[in-house]
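entry.cif, holding mmCIF, C-alpha atoms:
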```
data_final
#
loop_
_atom_site.group_PDB
_atom_site.id
_atom_site.type_symbol
_atom_site.label_atom_id
_atom_site.label_comp_id
_atom_site.auth_asym_id
_atom_site.auth_seq_id
_atom_site.Cartn_x
_atom_site.Cartn_y
_atom_site.Cartn_z
ATOM 1 C CA MET A 1 0.000 0.000 0.000
ATOM 2 C CA GLY A 2 1.414 3.380 -0.970
ATOM 3 C CA VAL A 3 2.050 6.254 1.445
ATOM 4 C CA VAL A 4 -0.742 8.350 -0.112
ATOM 5 C CA GLU A 5 -3.305 5.544 0.207
ATOM 6 C CA GLN A 6 -2.246 4.880 3.807
ATOM 7 C CA GLY A 7 -2.672 8.561 4.543
ATOM 8 C CA LYS A 8 -6.151 8.562 3.035
ATOM 9 C CA ARG A 9 -7.219 5.562 5.114
ATOM 10 C CA ARG A 10 -5.820 7.131 8.270
ATOM 11 C CA ASP A 11 -7.702 10.349 7.520
ATOM 12 C CA GLU A 12 -10.911 8.358 7.014
ATOM 13 C CA ARG A 13 -10.460 6.707 10.422
ATOM 14 C CA GLU A 14 -9.644 9.970 12.183
ATOM 15 C CA ARG A 15 -12.284 12.128 10.505
ATOM 16 C CA PRO A 16 -15.335 10.813 12.473
ATOM 17 C CA ALA A 17 -13.514 11.319 15.789
ATOM 18 C CA ALA A 18 -12.535 14.831 14.747
ATOM 19 C CA ARG A 19 -16.125 15.582 13.767
ATOM 20 C CA ARG A 20 -17.380 14.352 17.162
ATOM 21 C CA SER A 21 -14.806 16.491 18.966
ATOM 22 C CA ASN A 22 -15.675 19.556 16.891
ATOM 23 C CA MET A 23 -19.403 18.968 17.426
ATOM 24 C CA LEU A 24 -18.964 18.700 21.195
ATOM 25 C CA THR A 25 -16.867 21.878 21.323
ATOM 26 C CA TRP A 26 -19.443 23.734 19.208
ATOM 27 C CA LEU A 27 -22.360 22.566 21.371
ATOM 28 C CA LEU A 28 -20.554 23.631 24.536
ATOM 29 C CA TYR A 29 -19.747 26.993 22.945
ATOM 30 C CA VAL A 30 -23.469 27.433 22.296
ATOM 31 C CA ALA A 31 -24.146 26.529 25.931
ATOM 32 C CA ALA A 32 -21.626 29.124 27.088
ATOM 33 C CA SER A 33 -23.184 31.742 24.828
ATOM 34 C CA ALA A 34 -26.630 30.961 26.250
ATOM 35 C CA VAL A 35 -25.385 31.337 29.815
ATOM 36 C CA VAL A 36 -24.325 34.938 29.159
ATOM 37 C CA ALA A 37 -26.915 35.785 26.527
ATOM 38 C CA ALA A 38 -29.088 38.143 28.576
ATOM 39 C CA PRO A 39 -28.557 41.916 28.150
ATOM 40 C CA LEU A 40 -26.266 43.724 30.583
ATOM 41 C CA SER A 41 -28.132 45.233 33.539
ATOM 42 C CA VAL A 42 -27.403 48.810 34.570
ATOM 43 C CA ASN A 43 -26.530 47.549 38.075
ATOM 44 C CA ALA A 44 -23.905 45.208 36.666
ATOM 45 C CA GLN A 45 -22.128 47.527 34.230
ATOM 46 C CA SER A 46 -18.774 47.002 35.967
ATOM 47 C CA TYR A 47 -19.137 43.221 36.304
ATOM 48 C CA PRO A 48 -16.870 41.353 35.935
ATOM 49 C CA SER A 49 -13.918 43.547 36.838
ATOM 50 C CA ARG A 50 -11.657 40.719 37.981
ATOM 51 C CA PRO A 51 -11.228 36.956 37.379
ATOM 52 C CA ILE A 52 -14.156 34.678 38.260
ATOM 53 C CA THR A 53 -13.521 31.433 40.136
ATOM 54 C CA VAL A 54 -15.621 28.463 39.023
ATOM 55 C CA VAL A 55 -15.552 25.571 41.486
ATOM 56 C CA VAL A 56 -15.832 22.122 39.898
ATOM 57 C CA PRO A 57 -16.854 19.793 42.761
ATOM 58 C CA PHE A 58 -15.184 16.789 41.135
ATOM 59 C CA PRO A 59 -11.561 15.792 40.395
ATOM 60 C CA ALA A 60 -9.773 17.106 37.320
ATOM 61 C CA GLY A 61 -10.014 15.057 34.141
ATOM 62 C CA GLY A 62 -13.539 13.703 34.527
ATOM 63 C CA PRO A 63 -16.516 14.601 32.294
ATOM 64 C CA SER A 64 -17.733 17.377 34.623
ATOM 65 C CA ASP A 65 -14.287 18.966 34.690
ATOM 66 C CA VAL A 66 -13.773 18.755 30.913
ATOM 67 C CA VAL A 67 -17.178 20.280 30.139
ATOM 68 C CA ALA A 68 -16.687 23.048 32.708
ATOM 69 C CA ARG A 69 -13.300 23.983 31.268
ATOM 70 C CA ILE A 70 -14.579 24.190 27.691
ATOM 71 C CA VAL A 71 -17.654 26.214 28.638
ATOM 72 C CA THR A 72 -15.902 28.606 31.022
ATOM 73 C CA GLU A 73 -13.192 29.297 28.449
ATOM 74 C CA GLN A 74 -15.893 30.496 26.063
ATOM 75 C CA MET A 75 -17.699 32.368 28.855
ATOM 76 C CA GLY A 76 -14.472 34.193 29.625
ATOM 77 C CA LYS A 77 -14.141 35.305 26.006
ATOM 78 C CA ILE A 78 -17.718 36.554 25.947
ATOM 79 C CA LEU A 79 -17.432 38.338 29.314
ATOM 80 C CA GLY A 80 -13.960 39.695 28.582
ATOM 81 C CA GLN A 81 -12.578 38.292 31.819
ATOM 82 C CA SER A 82 -10.627 35.183 32.817
ATOM 83 C CA MET A 83 -12.422 32.234 34.428
ATOM 84 C CA VAL A 84 -10.355 30.226 36.918
ATOM 85 C CA ILE A 85 -11.290 26.572 37.436
ATOM 86 C CA GLU A 86 -10.803 25.235 40.965
ATOM 87 C CA ASN A 87 -11.327 21.504 41.520
ATOM 88 C CA VAL A 88 -12.723 20.771 44.978
ATOM 89 C CA GLY A 89 -13.641 17.093 44.805
ATOM 90 C CA GLY A 90 -14.973 14.671 47.379
ATOM 91 C CA ALA A 91 -18.194 13.280 48.837
ATOM 92 C CA GLY A 92 -20.030 13.053 45.531
ATOM 93 C CA GLY A 93 -19.589 16.730 44.706
ATOM 94 C CA THR A 94 -20.980 17.979 48.014
ATOM 95 C CA ILE A 95 -17.746 19.439 49.459
ATOM 96 C CA GLY A 96 -17.167 21.833 46.574
ATOM 97 C CA SER A 97 -20.866 22.678 46.380
ATOM 98 C CA ALA A 98 -20.984 23.525 50.086
ATOM 99 C CA ARG A 99 -17.971 25.774 49.625
ATOM 100 C CA VAL A 100 -19.721 27.819 46.941
ATOM 101 C CA ALA A 101 -22.954 27.941 48.963
ATOM 102 C CA ALA A 102 -20.970 29.627 51.761
ATOM 103 C CA ALA A 103 -18.976 31.910 49.444
ATOM 104 C CA SER A 104 -19.435 35.664 49.176
ATOM 105 C CA PRO A 105 -22.423 36.268 46.856
ATOM 106 C CA ASP A 106 -20.678 38.787 44.633
ATOM 107 C CA GLY A 107 -20.638 36.895 41.320
ATOM 108 C CA TYR A 108 -16.956 36.022 41.554
ATOM 109 C CA THR A 109 -17.380 32.496 42.908
ATOM 110 C CA LEU A 110 -19.597 30.176 40.868
ATOM 111 C CA LEU A 111 -20.297 26.452 40.903
ATOM 112 C CA ALA A 112 -20.165 24.004 38.000
ATOM 113 C CA GLY A 113 -22.909 21.845 39.501
ATOM 114 C CA SER A 114 -24.676 18.761 38.198
ATOM 115 C CA MET A 115 -27.465 16.258 38.735
ATOM 116 C CA GLY A 116 -25.340 14.653 41.438
ATOM 117 C CA SER A 117 -24.680 17.789 43.466
ATOM 118 C CA HIS A 118 -28.143 19.315 43.126
ATOM 119 C CA VAL A 119 -30.608 16.448 42.713
ATOM 120 C CA ALA A 120 -29.119 13.275 44.192
ATOM 121 C CA ALA A 121 -27.049 14.643 47.071
ATOM 122 C CA PRO A 122 -29.951 16.311 48.940
ATOM 123 C CA VAL A 123 -31.755 12.960 49.029
ATOM 124 C CA LEU A 124 -28.831 10.609 49.594
ATOM 125 C CA THR A 125 -26.327 12.507 51.765
ATOM 126 C CA PRO A 126 -26.990 12.775 55.504
ATOM 127 C CA ASN A 127 -26.324 16.155 57.148
ATOM 128 C CA LEU A 128 -25.742 17.965 53.859
ATOM 129 C CA LYS A 129 -24.418 21.476 54.452
ATOM 130 C CA TYR A 130 -26.499 23.140 51.756
ATOM 131 C CA ASP A 131 -29.969 23.144 50.278
ATOM 132 C CA SER A 132 -29.711 22.924 46.488
ATOM 133 C CA GLU A 133 -32.827 25.055 45.924
ATOM 134 C CA ARG A 134 -32.484 27.516 48.794
ATOM 135 C CA ASP A 135 -28.747 28.226 48.696
ATOM 136 C CA PHE A 136 -28.103 28.652 44.957
ATOM 137 C CA ILE A 137 -29.333 30.650 42.002
ATOM 138 C CA PRO A 138 -29.279 28.612 38.751
ATOM 139 C CA ILE A 139 -27.521 30.476 35.935
ATOM 140 C CA GLY A 140 -27.556 28.175 32.917
ATOM 141 C CA PHE A 141 -26.829 24.809 31.314
ATOM 142 C CA THR A 142 -23.290 23.734 30.497
ATOM 143 C CA ALA A 143 -24.317 20.264 29.318
ATOM 144 C CA HIS A 144 -27.585 18.523 28.534
ATOM 145 C CA ALA A 145 -27.015 15.133 26.907
ATOM 146 C CA PRO A 146 -29.055 11.930 26.597
ATOM 147 C CA ALA A 147 -27.785 8.767 28.250
ATOM 148 C CA VAL A 148 -26.683 5.639 26.388
ATOM 149 C CA ILE A 149 -27.071 2.072 27.658
ATOM 150 C CA VAL A 150 -23.771 0.377 26.860
ATOM 151 C CA ALA A 151 -22.415 -3.097 27.594
ATOM 152 C CA ARG A 152 -19.178 -5.036 27.269
ATOM 153 C CA LYS A 153 -18.463 -5.716 23.629
ATOM 154 C CA ASP A 154 -19.166 -9.461 23.900
ATOM 155 C CA PHE A 155 -22.470 -9.204 25.758
ATOM 156 C CA PRO A 156 -24.729 -11.877 24.197
ATOM 157 C CA ALA A 157 -27.900 -9.804 23.528
ATOM 158 C CA LYS A 158 -28.189 -8.506 19.954
ATOM 159 C CA ASP A 159 -30.578 -5.609 20.706
ATOM 160 C CA LEU A 160 -32.270 -3.800 23.599
ATOM 161 C CA ARG A 161 -35.250 -6.179 23.758
ATOM 162 C CA GLU A 162 -32.923 -9.149 24.150
ATOM 163 C CA PHE A 163 -30.798 -7.162 26.591
ATOM 164 C CA VAL A 164 -33.785 -6.488 28.872
ATOM 165 C CA ALA A 165 -34.895 -10.114 28.607
ATOM 166 C CA TYR A 166 -31.390 -11.276 29.543
ATOM 167 C CA LEU A 167 -31.368 -9.003 32.601
ATOM 168 C CA LYS A 168 -34.764 -10.316 33.687
ATOM 169 C CA ASN A 169 -33.647 -13.933 33.329
ATOM 170 C CA HIS A 170 -30.267 -13.552 35.021
ATOM 171 C CA GLY A 171 -31.120 -10.981 37.714
ATOM 172 C CA ASP A 172 -28.298 -10.036 40.055
ATOM 173 C CA ALA A 173 -25.808 -12.193 38.165
ATOM 174 C CA VAL A 174 -25.520 -9.237 35.779
ATOM 175 C CA LYS A 175 -23.081 -6.554 36.986
ATOM 176 C CA GLN A 176 -23.979 -2.911 36.391
ATOM 177 C CA ALA A 177 -21.200 -0.356 36.870
ATOM 178 C CA HIS A 178 -21.685 3.244 37.950
ATOM 179 C CA GLY A 179 -19.492 6.153 38.971
ATOM 180 C CA GLY A 180 -20.677 6.294 42.587
ATOM 181 C CA ILE A 181 -23.996 6.567 44.416
ATOM 182 C CA GLY A 182 -25.791 9.671 43.205
ATOM 183 C CA SER A 183 -23.562 10.152 40.161
ATOM 184 C CA SER A 184 -25.124 10.770 36.761
ATOM 185 C CA SER A 185 -24.281 7.233 35.641
ATOM 186 C CA HIS A 186 -25.931 5.804 38.759
ATOM 187 C CA MET A 187 -29.069 7.886 38.232
ATOM 188 C CA ALA A 188 -29.217 7.119 34.509
ATOM 189 C CA CYS A 189 -29.138 3.363 35.113
ATOM 190 C CA LEU A 190 -31.481 3.639 38.093
ATOM 191 C CA LEU A 191 -34.162 5.108 35.857
ATOM 192 C CA PHE A 192 -33.478 2.549 33.110
ATOM 193 C CA THR A 193 -33.629 -0.507 35.391
ATOM 194 C CA ALA A 194 -36.826 0.805 36.999
ATOM 195 C CA ALA A 195 -38.423 1.289 33.568
ATOM 196 C CA ALA A 196 -37.281 -2.165 32.420
ATOM 197 C CA GLY A 197 -38.260 -3.893 35.660
ATOM 198 C CA VAL A 198 -34.827 -5.446 36.272
ATOM 199 C CA GLN A 199 -32.519 -5.638 39.311
ATOM 200 C CA PRO A 200 -28.849 -6.174 38.426
ATOM 201 C CA SER A 201 -25.961 -6.163 40.905
ATOM 202 C CA LEU A 202 -24.469 -2.685 41.291
ATOM 203 C CA VAL A 203 -20.710 -2.172 41.206
ATOM 204 C CA ALA A 204 -19.637 1.290 42.390
ATOM 205 C CA TYR A 205 -16.511 3.083 41.206
ATOM 206 C CA ARG A 206 -14.883 6.374 42.112
ATOM 207 C CA GLY A 207 -15.946 8.133 38.948
ATOM 208 C CA THR A 208 -16.960 7.486 35.359
ATOM 209 C CA GLY A 209 -13.437 6.824 34.083
ATOM 210 C CA PRO A 210 -12.669 3.727 36.190
ATOM 211 C CA ALA A 211 -16.161 2.330 35.572
ATOM 212 C CA LEU A 212 -15.800 2.721 31.807
ATOM 213 C CA ASN A 213 -12.318 1.190 31.878
ATOM 214 C CA ASP A 214 -13.618 -1.918 33.635
ATOM 215 C CA LEU A 215 -16.495 -2.165 31.171
ATOM 216 C CA ILE A 216 -14.035 -2.081 28.283
ATOM 217 C CA GLY A 217 -11.989 -4.725 30.071
ATOM 218 C CA GLY A 218 -15.048 -6.959 30.452
ATOM 219 C CA HIS A 219 -14.996 -6.946 34.253
ATOM 220 C CA VAL A 220 -18.585 -5.624 34.459
ATOM 221 C CA ASP A 221 -21.551 -6.111 32.140
ATOM 222 C CA PHE A 222 -23.154 -2.731 31.469
ATOM 223 C CA PHE A 223 -23.215 0.958 32.246
ATOM 224 C CA CYS A 224 -25.348 4.048 31.513
ATOM 225 C CA GLU A 225 -23.654 7.352 30.735
ATOM 226 C CA GLN A 226 -24.050 10.519 28.702
ATOM 227 C CA ALA A 227 -23.567 10.079 24.986
ATOM 228 C CA VAL A 228 -20.613 12.439 24.638
ATOM 229 C CA SER A 229 -18.613 10.396 27.166
ATOM 230 C CA VAL A 230 -19.010 7.000 25.478
ATOM 231 C CA ALA A 231 -19.449 7.784 21.765
ATOM 232 C CA PRO A 232 -15.725 7.317 20.943
ATOM 233 C CA GLN A 233 -15.655 3.866 22.580
ATOM 234 C CA ILE A 234 -18.865 2.843 20.799
ATOM 235 C CA ALA A 235 -17.410 3.940 17.461
ATOM 236 C CA ALA A 236 -14.187 2.053 18.179
ATOM 237 C CA GLY A 237 -16.104 -1.123 18.990
ATOM 238 C CA THR A 238 -14.641 -1.504 22.484
ATOM 239 C CA ILE A 239 -18.154 -1.416 23.985
ATOM 240 C CA LYS A 240 -21.631 -2.175 22.599
ATOM 241 C CA ALA A 241 -24.516 0.337 22.607
ATOM 242 C CA TYR A 242 -28.116 -0.836 23.053
ATOM 243 C CA GLY A 243 -30.219 2.324 23.292
ATOM 244 C CA VAL A 244 -30.356 6.047 23.957
ATOM 245 C CA SER A 245 -32.649 7.896 26.342
ATOM 246 C CA SER A 246 -33.645 10.609 23.848
ATOM 247 C CA SER A 247 -36.927 10.831 21.976
ATOM 248 C CA GLU A 248 -35.062 10.604 18.638
ATOM 249 C CA ARG A 249 -31.853 8.951 17.463
ATOM 250 C CA LEU A 250 -28.684 10.978 17.932
ATOM 251 C CA ALA A 251 -26.696 12.347 15.015
ATOM 252 C CA VAL A 252 -23.471 11.224 16.699
ATOM 253 C CA LEU A 253 -24.865 7.656 17.148
ATOM 254 C CA PRO A 254 -27.264 7.203 14.213
ATOM 255 C CA ASN A 255 -27.233 3.387 14.376
ATOM 256 C CA VAL A 256 -28.216 3.226 18.053
ATOM 257 C CA PRO A 257 -32.017 3.078 18.503
ATOM 258 C CA THR A 258 -33.964 4.950 21.139
ATOM 259 C CA ALA A 259 -35.173 2.959 24.126
ATOM 260 C CA LYS A 260 -38.701 3.816 23.047
ATOM 261 C CA GLU A 261 -38.178 1.923 19.778
ATOM 262 C CA ALA A 262 -37.665 -1.220 21.875
ATOM 263 C CA GLY A 263 -40.728 -0.561 24.006
ATOM 264 C CA VAL A 264 -38.887 0.774 27.074
ATOM 265 C CA ASP A 265 -40.190 4.076 28.478
ATOM 266 C CA TYR A 266 -36.780 5.534 29.240
ATOM 267 C CA ARG A 267 -36.279 9.228 28.586
ATOM 268 C CA MET A 268 -33.877 11.510 30.396
ATOM 269 C CA SER A 269 -30.900 13.820 29.970
ATOM 270 C CA ILE A 270 -27.741 14.012 32.019
ATOM 271 C CA TRP A 271 -27.206 17.681 32.727
ATOM 272 C CA ALA A 272 -24.797 20.096 34.371
ATOM 273 C CA GLY A 273 -24.916 23.837 34.868
ATOM 274 C CA ILE A 274 -23.485 26.963 36.436
ATOM 275 C CA PHE A 275 -24.846 28.182 39.778
ATOM 276 C CA ALA A 276 -24.223 31.264 41.928
ATOM 277 C CA PRO A 277 -24.587 31.531 45.707
ATOM 278 C CA LYS A 278 -27.914 32.849 46.975
ATOM 279 C CA GLY A 279 -27.790 36.606 47.473
ATOM 280 C CA THR A 280 -25.741 37.315 44.355
ATOM 281 C CA PRO A 281 -26.874 40.759 43.093
ATOM 282 C CA ARG A 282 -29.818 40.713 40.717
ATOM 283 C CA GLY A 283 -27.899 42.786 38.190
ATOM 284 C CA VAL A 284 -25.175 40.139 37.958
ATOM 285 C CA ILE A 285 -27.686 37.304 37.690
ATOM 286 C CA ASP A 286 -29.637 39.173 35.009
ATOM 287 C CA LYS A 287 -26.470 39.374 32.944
ATOM 288 C CA LEU A 288 -25.859 35.629 33.222
ATOM 289 C CA THR A 289 -29.223 33.844 33.543
ATOM 290 C CA PRO A 290 -31.599 32.292 31.034
ATOM 291 C CA ALA A 291 -34.691 31.993 33.283
ATOM 292 C CA LYS A 292 -35.722 28.526 32.074
ATOM 293 C CA PHE A 293 -32.814 26.827 33.833
ATOM 294 C CA ALA A 294 -34.172 27.639 37.303
ATOM 295 C CA SER A 295 -37.552 26.059 36.580
ATOM 296 C CA PHE A 296 -35.825 23.053 34.998
ATOM 297 C CA VAL A 297 -33.700 22.412 38.103
ATOM 298 C CA HIS A 298 -36.785 22.707 40.336
ATOM 299 C CA ALA A 299 -38.648 20.187 38.164
ATOM 300 C CA GLU A 300 -35.690 17.765 38.152
ATOM 301 C CA ILE A 301 -35.490 17.818 41.951
ATOM 302 C CA ALA A 302 -39.215 17.099 42.174
ATOM 303 C CA ARG A 303 -38.945 14.301 39.578
ATOM 304 C CA TRP A 304 -35.959 12.466 41.019
ATOM 305 C CA SER A 305 -36.494 12.726 44.788
ATOM 306 C CA PRO A 306 -39.177 10.001 45.012
ATOM 307 C CA ILE A 307 -37.231 7.744 42.606
ATOM 308 C CA LEU A 308 -34.066 7.988 44.688
ATOM 309 C CA LYS A 309 -35.942 7.510 47.955
ATOM 310 C CA ALA A 310 -37.734 4.448 46.569
ATOM 311 C CA ALA A 311 -34.391 2.949 45.533
ATOM 312 C CA ASN A 312 -33.378 3.013 49.211
ATOM 313 C CA VAL A 313 -29.768 3.898 48.458
ATOM 314 C CA GLU A 314 -27.405 5.895 50.615
ATOM 315 C CA ALA A 315 -24.331 7.854 49.635
ATOM 316 C CA LYS A 316 -21.023 6.384 50.731
#
```
I'd like the structure from this file rewritten - as structure tokens, please.
Amino acid sequence: MGVVEQGKRRDERERPAARRSNMLTWLLYVAASAVVAAPLSVNAQSYPSRPITVVVPFPAGGPSDVVARIVTEQMGKILGQSMVIENVGGAGGTIGSARVAAASPDGYTLLAGSMGSHVAAPVLTPNLKYDSERDFIPIGFTAHAPAVIVARKDFPAKDLREFVAYLKNHGDAVKQAHGGIGSSSHMACLLFTAAAGVQPSLVAYRGTGPALNDLIGGHVDFFCEQAVSVAPQIAAGTIKAYGVSSSERLAVLPNVPTAKEAGVDYRMSIWAGIFAPKGTPRGVIDKLTPAKFASFVHAEIARWSPILKAANVEAK
């Protein structure tokens, strides 16, 4: 094979991955633009006059951290001010969240929160030092992606119907990974298994990365996570995708059917967003906030609380 032909084949292999990366960056840029899309209030004409700290309540390198860094970089360009990421991990995102809840409400300390910190933690974590509705003002989405049900590449079911049937027949012999109690991957699979009427064995990990690595290695059977986090592995064939939680198929995964197509009522999005401490001046919030995010967060808390309580799980 000649050098030119080899180059062409390499380009063909790399092009889909590049397109996925470019699409993700573009979508997150749109999210950042939406966060700061509102007109500047008279009371906030001088804001921001110095760097803004954005606390990510999870370790560096994970999905929450990557999304926050991409979005805040674009926010900084739009606002004309630098955004400083500070990783304050631990206790399922509650340590960093509590820190922002207690921070000075001046618009210079924000939180890159998520479903885990704002929906799951209030239900699952005893003696939580913040109230996710009372102590924060929602500013806007940074991510809003459907979940994908994925399994080890040699899992025997050929489609989602067979997958559900297998789980029903084998029960707790099937191992389901997740990134920790209350994490997005835990919540995504919790809703799926409830909709499918199955009860696999749960295997907890300290984050999405280790869980996905063990799935690729065949040490666990399946996993539920946001599409942007697992699309490269699906495309590479290192894991198998059975269904997505969106109402329509995804452009990035056109060959993966929706759960609805297989008769499973499973619809949800894994989301993250920027929050400010309660008491942040209205003028600052008006500059940053699309109003719909606040009502969305309220509705998500109301939706998930009974599901999490019924699951009888407790954060570790």
If you apply the PyMOL selection byres ((chain A and resi 201-215) around 9) to this file, what residues do you get, as an NGL selection string? :A and (58-59 or 61-63 or 150-153 or 171-181 or 183-186 or 199-200 or 216-223 or 225 or 229-230 or 238-239)
What's around segment 96-104 of chain A at 9 Å? Count all atoms listed in the file, leave out sequence neighbours fewer than 5 positions away in its own chain, and write the answer as an MDAnalysis selection string. chainID A and resid 54:58 87:91 109:113 117:118 128:132 135:136 275:280
With distances taken over only C-alpha atoms, which residue among A:Lys158, A:Lys309, A:Arg282, A:Arg249 lies nearest Ile139 of chain A?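 Using only C-alpha atoms, the shortest distance to Ile139 of chain A belongs to A:Arg282.
The nearest approach to Tyr166 of chain A among the residues A:Cys224, A:Val198, A:Ala60, A:Asp106, with only C-alpha atoms taken into account, belongs to A:Val198.
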What lies within 12 Å of Glu248 of chain A using all atoms listed in the file, ignoring chain neighbours under 5 positions off, as an MDAnalysis selection string? chainID A and resid 146 243 253:261 266:268
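Interatomic distance, atom CA of Val84 of chain A to atom CA of Thr72 of chain A: 8.3 Å.
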For the file shown, report as a list of chain:residue names the outcome of the PyMOL selection byres ((chain A and resi 273) around 7) at residue level.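 Residues picked by the PyMOL selection byres ((chain A and resi 273) around 7): A:Ala112, A:Gly113, A:Ser114, A:Gly140, A:Phe141, A:Thr142, A:Ala143, A:Trp271, A:Ala272, A:Ile274, A:Phe275.
Pairwise distance (atom CA of Ala251 of chain A, atom CA of Phe163 of chain A) equals 23.1 Å.
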Between atom CA of Ser64 of chain A and atom CA of Leu288 of chain A - distance in Å to one decimal: 20.0 Å
Taking into account all atoms listed in the file, which residue in the set A:Thr53, A:Gln81, A:Ser305, A:Thr94 is nearest to Gly116 of chain A?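 Closest candidate: A:Thr94.
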Translate the PyMOL selection byres ((chain A and resi 48) around 10) into a concrete residue list for this structure, as a ChimeraX atom specification. /A:44-47,49-52,76,79-82,106-108,284
Would you please work out which residue, of A:Gly237, A:Gly263, A:Ala68, A:Pro306, is nearest to Asp154 of chain A when using only C-alpha atoms?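 Using only C-alpha atoms, the shortest distance to Asp154 of chain A belongs to A:Gly237.
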